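query.pdb (PDB, C-alpha atoms) appears below.
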ATOM      1  CA  MET A   2     194.605 129.424  -9.654
ATOM      2  CA  ASN A   3     193.480 127.551 -12.768
ATOM      3  CA  LYS A   4     190.911 124.753 -12.740
ATOM      4  CA  VAL A   5     193.375 121.870 -12.949
ATOM      5  CA  ALA A   6     195.597 123.251 -10.166
ATOM      6  CA  ALA A   7     192.563 123.617  -7.891
ATOM      7  CA  ILE A   8     191.488 120.060  -8.704
ATOM      8  CA  TYR A   9     194.930 118.713  -7.773
ATOM      9  CA  ASN A  10     194.408 120.117  -4.271
ATOM     10  CA  ILE A  11     190.910 118.624  -4.023
ATOM     11  CA  VAL A  12     192.027 115.207  -5.268
ATOM     12  CA  PHE A  13     195.032 115.061  -2.947
ATOM     13  CA  GLU A  14     192.741 115.830  -0.002
ATOM     14  CA  ALA A  15     189.925 113.480  -1.075
ATOM     15  CA  PHE A  16     192.276 110.524  -1.650
ATOM     16  CA  GLU A  17     194.576 111.157   1.312
ATOM     17  CA  GLY A  18     195.409 107.830   2.933
ATOM     18  CA  LYS A  19     193.676 105.738   0.251
ATOM     19  CA  LYS A  20     195.705 102.887  -1.216
ATOM     20  CA  ASP A  21     195.431 100.921  -4.452
ATOM     21  CA  LYS A  22     195.301  97.106  -4.596
ATOM     22  CA  ALA A  23     199.112  96.992  -4.399
ATOM     23  CA  GLY A  24     199.124  99.116  -1.249
ATOM     24  CA  LYS A  25     200.516 102.193  -3.015
ATOM     25  CA  PRO A  26     198.987 105.673  -2.614
ATOM     26  CA  TYR A  27     195.900 105.796  -4.848
ATOM     27  CA  ILE A  28     196.797 109.310  -5.941
ATOM     28  CA  ASN A  29     199.599 107.791  -8.044
ATOM     29  CA  HIS A  30     196.994 106.118 -10.287
ATOM     30  CA  LEU A  31     195.097 109.386 -10.748
ATOM     31  CA  LEU A  32     198.296 111.277 -11.572
ATOM     32  CA  ARG A  33     199.394 108.621 -14.100
ATOM     33  CA  VAL A  34     196.026 108.735 -15.861
ATOM     34  CA  SER A  35     195.909 112.548 -15.937
ATOM     35  CA  ASP A  36     199.521 112.813 -17.155
ATOM     36  CA  THR A  37     198.793 110.337 -19.954
ATOM     37  CA  VAL A  38     195.629 112.225 -20.965
ATOM     38  CA  SER A  39     197.521 115.523 -20.910
ATOM     39  CA  GLY A  40     200.261 114.116 -23.141
ATOM     40  CA  TRP A  41     197.752 112.729 -25.630
ATOM     41  CA  CYS A  42     195.882 116.052 -25.699
ATOM     42  CA  LYS A  43     199.117 117.898 -26.464
ATOM     43  CA  GLN A  44     199.909 115.464 -29.296
ATOM     44  CA  MET A  45     196.425 115.947 -30.736
ATOM     45  CA  SER A  46     196.345 119.716 -30.089
ATOM     46  CA  ASN A  47     193.100 119.115 -28.208
ATOM     47  CA  SER A  48     191.560 122.364 -26.980
ATOM     48  CA  ASP A  49     189.606 120.473 -24.282
ATOM     49  CA  GLU A  50     192.798 119.505 -22.425
ATOM     50  CA  ASP A  51     191.854 121.252 -19.151
ATOM     51  CA  ASP A  52     188.461 119.520 -18.930
ATOM     52  CA  LEU A  53     189.905 116.149 -19.921
ATOM     53  CA  VAL A  54     192.773 116.376 -17.423
ATOM     54  CA  ALA A  55     190.315 117.535 -14.751
ATOM     55  CA  ALA A  56     188.016 114.583 -15.464
ATOM     56  CA  ALA A  57     191.008 112.218 -15.469
ATOM     57  CA  LEU A  58     192.065 113.456 -12.029
ATOM     58  CA  LEU A  59     188.508 113.174 -10.718
ATOM     59  CA  HIS A  60     187.432 109.976 -12.501
ATOM     60  CA  ASP A  61     187.245 107.847  -9.324
ATOM     61  CA  ILE A  62     186.095 110.495  -6.846
ATOM     62  CA  VAL A  63     182.415 109.526  -6.790
ATOM     63  CA  GLU A  64     183.210 105.822  -6.694
ATOM     64  CA  ASP A  65     185.811 106.026  -3.925
ATOM     65  CA  CYS A  66     185.085 109.138  -1.825
ATOM     66  CA  GLU A  67     181.836 109.183   0.127
ATOM     67  CA  ASP A  68     181.817 112.996   0.394
ATOM     68  CA  TRP A  69     181.479 113.334  -3.393
ATOM     69  CA  ASP A  70     178.496 112.626  -5.620
ATOM     70  CA  PHE A  71     177.671 113.621  -9.188
ATOM     71  CA  GLU A  72     175.674 116.657  -8.133
ATOM     72  CA  ARG A  73     178.608 118.031  -6.133
ATOM     73  CA  VAL A  74     180.989 117.377  -9.022
ATOM     74  CA  LYS A  75     178.603 119.186 -11.397
ATOM     75  CA  ASP A  76     178.213 122.130  -9.020
ATOM     76  CA  TRP A  77     181.967 122.510  -8.528
ATOM     77  CA  PHE A  78     183.342 121.610 -11.965
ATOM     78  CA  GLY A  79     180.489 121.846 -14.435
ATOM     79  CA  TYR A  80     178.243 119.569 -16.382
ATOM     80  CA  ARG A  81     180.805 118.301 -18.916
ATOM     81  CA  ILE A  82     183.259 117.030 -16.288
ATOM     82  CA  ALA A  83     180.428 115.512 -14.230
ATOM     83  CA  PHE A  84     179.076 113.781 -17.353
ATOM     84  CA  ILE A  85     182.469 112.244 -18.187
ATOM     85  CA  ILE A  86     182.864 111.021 -14.608
ATOM     86  CA  ARG A  87     179.351 109.552 -14.682
ATOM     87  CA  VAL A  88     180.158 107.619 -17.834
ATOM     88  CA  LEU A  89     183.386 106.327 -16.255
ATOM     89  CA  THR A  90     181.819 105.333 -12.933
ATOM     90  CA  LYS A  91     181.092 101.638 -12.712
ATOM     91  CA  GLY A  92     177.538 100.767 -11.830
ATOM     92  CA  ILE A  93     175.873  97.449 -11.222
ATOM     93  CA  GLN A  94     176.094  96.371 -14.865
ATOM     94  CA  ASN A  95     178.611  93.762 -15.957
ATOM     95  CA  TYR A  96     181.996  94.857 -17.262
ATOM     96  CA  ASP A  97     181.163  94.337 -20.952
ATOM     97  CA  VAL A  98     178.097  96.577 -20.649
ATOM     98  CA  TYR A  99     180.182  99.137 -18.750
ATOM     99  CA  ILE A 100     182.866  99.219 -21.490
ATOM    100  CA  ALA A 101     180.194  99.512 -24.199
ATOM    101  CA  TYR A 102     178.760 102.498 -22.318
ATOM    102  CA  VAL A 103     182.197 104.131 -21.899
ATOM    103  CA  THR A 104     182.842 103.867 -25.647
ATOM    104  CA  THR A 105     179.764 106.012 -26.356
ATOM    105  CA  ASP A 106     181.711 109.104 -25.219
ATOM    106  CA  PRO A 107     185.098 109.902 -26.833
ATOM    107  CA  SER A 108     186.355 111.812 -23.779
ATOM    108  CA  ALA A 109     185.455 108.977 -21.404
ATOM    109  CA  SER A 110     187.048 106.477 -23.802
ATOM    110  CA  LEU A 111     190.292 108.453 -23.860
ATOM    111  CA  ILE A 112     190.450 108.554 -20.059
ATOM    112  CA  LYS A 113     189.586 104.861 -19.754
ATOM    113  CA  LEU A 114     192.361 103.967 -22.196
ATOM    114  CA  ALA A 115     194.821 106.047 -20.186
TER
END
Kindly transcribe the structure held in the file into structure tokens.
Amino acid sequence: MNKVAAIYNIVFEAFEGKKDKAGKPYINHLLRVSDTVSGWCKQMSNSDEDDLVAAALLHDIVEDCEDWDFERVKDWFGYRIAFIIRVLTKGIQNYDVYIAYVTTDPSASLIKLA
């Protein structure tokens, strides 16, 4: 099983029963973001597509799933994916500071735009 396929299983389990603000399954948001990132990677012939799609699928896992932290993400998926997720995870800073931080990493920026 490839990395992205394995991550689909993990994300579906981790977000099971979670809803977005509209009451829809939260997994729909993660799938939309990852599909958009995948499409953009294909258009750009980006060789990092697997890592970017993986990070897109996982981008809210630390924020929204208490069983996951950055160390676990790094151990399971590697430093690069954990770094992207860390950049995308909102902290205590205000939104403008958060967006400025996200724009320091092109991969995080791409996922945020998606």
Query - Ground truth for the PyMOL selection byres ((chain A and resi 64-73) around 8), written as a PyMOL selection string - result: chain A and resi 15-16+61-63+74-77+83+86-87+90-91
Query raised in the report: What do you get, as a ChimeraX atom specification, if you spell out every residue that the PyMOL selection byres ((chain A and resi 31) around 8) selects here?
Result: /A:27-30,32-35,57-60
Counting only C-alpha atoms, find residues at most 10 Å from (197.6, 115.7, -22.1) (file frame) and give them as a PDB file with C-alpha atoms, in the frame of the given file.
ATOM      1  CA  VAL A  34     196.026 108.735 -15.861  1.00  0.00           C
ATOM      2  CA  SER A  35     195.909 112.548 -15.937  1.00  0.00           C
ATOM      3  CA  ASP A  36     199.521 112.813 -17.155  1.00  0.00           C
ATOM      4  CA  THR A  37     198.793 110.337 -19.954  1.00  0.00           C
ATOM      5  CA  VAL A  38     195.629 112.225 -20.965  1.00  0.00           C
ATOM      6  CA  SER A  39     197.521 115.523 -20.910  1.00  0.00           C
ATOM      7  CA  GLY A  40     200.261 114.116 -23.141  1.00  0.00           C
ATOM      8  CA  TRP A  41     197.752 112.729 -25.630  1.00  0.00           C
ATOM      9  CA  CYS A  42     195.882 116.052 -25.699  1.00  0.00           C
ATOM     10  CA  LYS A  43     199.117 117.898 -26.464  1.00  0.00           C
ATOM     11  CA  GLN A  44     199.909 115.464 -29.296  1.00  0.00           C
ATOM     12  CA  MET A  45     196.425 115.947 -30.736  1.00  0.00           C
ATOM     13  CA  SER A  46     196.345 119.716 -30.089  1.00  0.00           C
ATOM     14  CA  ASN A  47     193.100 119.115 -28.208  1.00  0.00           C
ATOM     15  CA  ASP A  49     189.606 120.473 -24.282  1.00  0.00           C
ATOM     16  CA  GLU A  50     192.798 119.505 -22.425  1.00  0.00           C
ATOM     17  CA  ASP A  51     191.854 121.252 -19.151  1.00  0.00           C
ATOM     18  CA  LEU A  53     189.905 116.149 -19.921  1.00  0.00           C
ATOM     19  CA  VAL A  54     192.773 116.376 -17.423  1.00  0.00           C
ATOM     20  CA  ALA A  57     191.008 112.218 -15.469  1.00  0.00           C
TER      21      ALA A  57
END
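The gap separating CA of Tyr99 in chain A from CA of Phe78 in chain A is 23.7 Å, in Å to one decimal.
Among A:Phe84, A:Ala56, A:Gly79, A:Glu17, the residue with the shortest atom-to-atom distance to Lys113 in chain A, counting only C-alpha atoms, is A:Ala56.
Relative to CA of Val98 in chain A, CA of Gly24 in chain A is found at 28.7 Å.
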Requested in this report: Starting from the displayed file, determine the output of the PyMOL selection byres ((chain A and resi 108-110) around 8) and express the residue list as a PyMOL selection string.
Outcome: chain A and resi 53+85-86+88-89+103-107+111-114
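Take CA of Ile8 in chain A and CA of Ile82 in chain A: the distance between them is 11.6 Å.
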